[in-house]
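Take a look at the structure set out below.
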Amino acid sequence: MSSYAPLLAALIALLAGLTIGKAWERYKLRDGRWIDRRRARESPHYILGLNFLVANQIDLAIEELSRAASLDGDALEVHMILGNLYREKGQVGKAITVHQTLLQRPKLSKLEHAYVLLCLGLDYKRGGFVDRALEAFNEVLRLDPKNEYALLNLQKLHEEQHQWIEAYDTRQRLSTLAATDQRPQSQAILAFLENEIGLEALRRKDYTGAVKRFQAAIDLDARAVPAYLNLGDARVAQGSEREAAAIWEQMIDVAPDRAYLAFDRLEQLAMRTGSPERFTRLCRRLIDESPQDWRARLALSRHLAAGGQPKEALDLLFAGLVQNPHALSIHQAIWRALGRLHHPTALVDRYSQLTEHAVFYLTTWSIWESVSANVPSVVITKSARAVFFSVGHCAASRWRAVSSLNPRSTSRASCVSGEHAVTMTLSNDFSPPDSYSSGTSTTASGQPTSSNPRSPAWIAR
């Protein structure tokens with residue numbers, strides 16, 4: 001029995017230690033009395049506040065958390081959350097006051113001090129106090145050099161101030177802390193910052209420094225398309241046009257879906273060097289490799305039209321129209337080409353056939369019928385405005401759905417017509433006017449409106 005005594009004593013000591021540790025975690029001696037640290041967090045107000053916060057009901061969350069904080073003024077995390085909620089609600093001054101009060105508490109641990117300072121820095125940032133925010137984030141990093149949130153916000157502040165070198169240095173510090181699966185994203189951000197630093201050098205006409213930065217961006221991220229474009233521009237400024245063309249063509253090989261960003265540059269360069277066929281070959285290669293690339297067809301059609309070949313340009317535009325019937329630039333180019341050919345009937349009829357089933361080429365009444373078929377009771381509110389510019393079947397207009405039509409919710413759509421961009425609200429709270437089908441309709445006040453079924457009053461209000 002005596003051989004088990006040491007083991008039994010060790011077990012009792014372990015249990016006693018766990019009990020004391022739990023008690024020390026929960027209770028704190030302040031002003032001669034013991035304070036239950038969990039009292040605020042275990043209160044129903046704290047739980048309700050978190051529930052309201054998750055439901056994005058900020059006002060109710062503030063109300064409940066304020067009650068929880070009143071139960072225990074020492075609950076640091078509750079007051080931190082409360083200050084953050086004030087900031088999110090836009091009450092920046094109140095948030096700053098809460099967090100500054102927390103900083104004045106004695107015996108804050110180093111980690112607690114760092115996180116309160118981080119919250120205060122976010123308050124300053126939201127309020128537009130850039131210098132104070134920078135100072136707060138730098139102080140956080142002095143206390144906690146590996147605080148990723150402080151580094152991230154510090155980087156964003158430098159970016160907003162266009163301090164690209166400082167932002168780059170901060171992002172490098174973040175990259176060393178990033179997990180392996182986050183390295184590609186971090187490399188892409190570093191490439192973006194390298195590109196911005198290169199642009200500043202390019203504006204200073206420091207072409208050597210700019211080339212160095214753009215090349216570094218490409219080394220960091222092979223799909224950094226802006227870096228390729230800017231590197232080519234820098235080479236053109238240095239007089240190396242062939243090298244610029246090679247760089248832009250390399251970008252097309254790396255990111256063919258972004259090839260259209262280099263079309264204007266390559267076309268101008270081909271014309272200057274007296275080899276327009278090089279641009280033609282490039283566009284035809286892209287069309288062969290990706291038959292759905294309507295932008296390559298559009299670029300080649302413009303090139304051919306400028307060279308006096310409107311008929312060949314029109315064939316390319318019709319093919320591009322099949323791939324993307326909603327591209328306004330294609331329709332504009334088609335009508336320019338038709339104008340040069342003096343609007344031959346056969347080609348106009350072909351265009352009409354191709355666009356017959358495009359949503360935004362239907363008449364306004366047909367659009368109404370199409371929308372009503374998807375949303376049983378839809379009306380355009382009084383504040384809506386729409387302008388349709390009709391050429392044939394509204395040839396110079398574009399209808400773009402911003403969100404899907406949902407019978408249970410309000411939907412929004414945009415109509416871009418000529419130079420007019422208008423947002424219309426589609427709401428299922430009202431039914432379309434019954435009098436519309438007879439050729440007349442009434443406003444909400446009962447006043448008669450236009451009897452033209454092609455121009456309903458709910459469009460013009």
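Chain labels follow the order of the structure tokens: the first chain is A, the next B, and so on; residue numbering restarts at 1 in every chain, and ligands are counted from 1 in their shown order.
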Residues within 7 Å of range 43-53 of chain A, only C-alpha atoms, excluding chain neighbours under 5 positions, as a PyMOL selection string
chain A and resi 58+60-62+64-65+67-68
If you count only C-alpha atoms, which residues fall within 9 Å of range 124-129 of chain A, apart from same-chain ones fewer than 5 positions away, as a PyMOL selection string?
chain A and resi 87-88+90+92-93+96+119+134+136+153+157
If we count only C-alpha atoms, what is near range 282-285 of chain A at a cut-off of 10 Å, once residues fewer than 2 positions away on the same chain are taken out, given as an NGL selection string?
:A and (249 or 252 or 259-260 or 263 or 266-267 or 277-280 or 287-291 or 293 or 295-301)
Find the spatial neighbours of Lys94 in chain A, counting only C-alpha atoms, within a cut-off of 10 Å - ignore same-chain residues fewer than 5 positions away - and output them as a VMD selection string.
chain A and resid 82 to 87 99 to 100 123
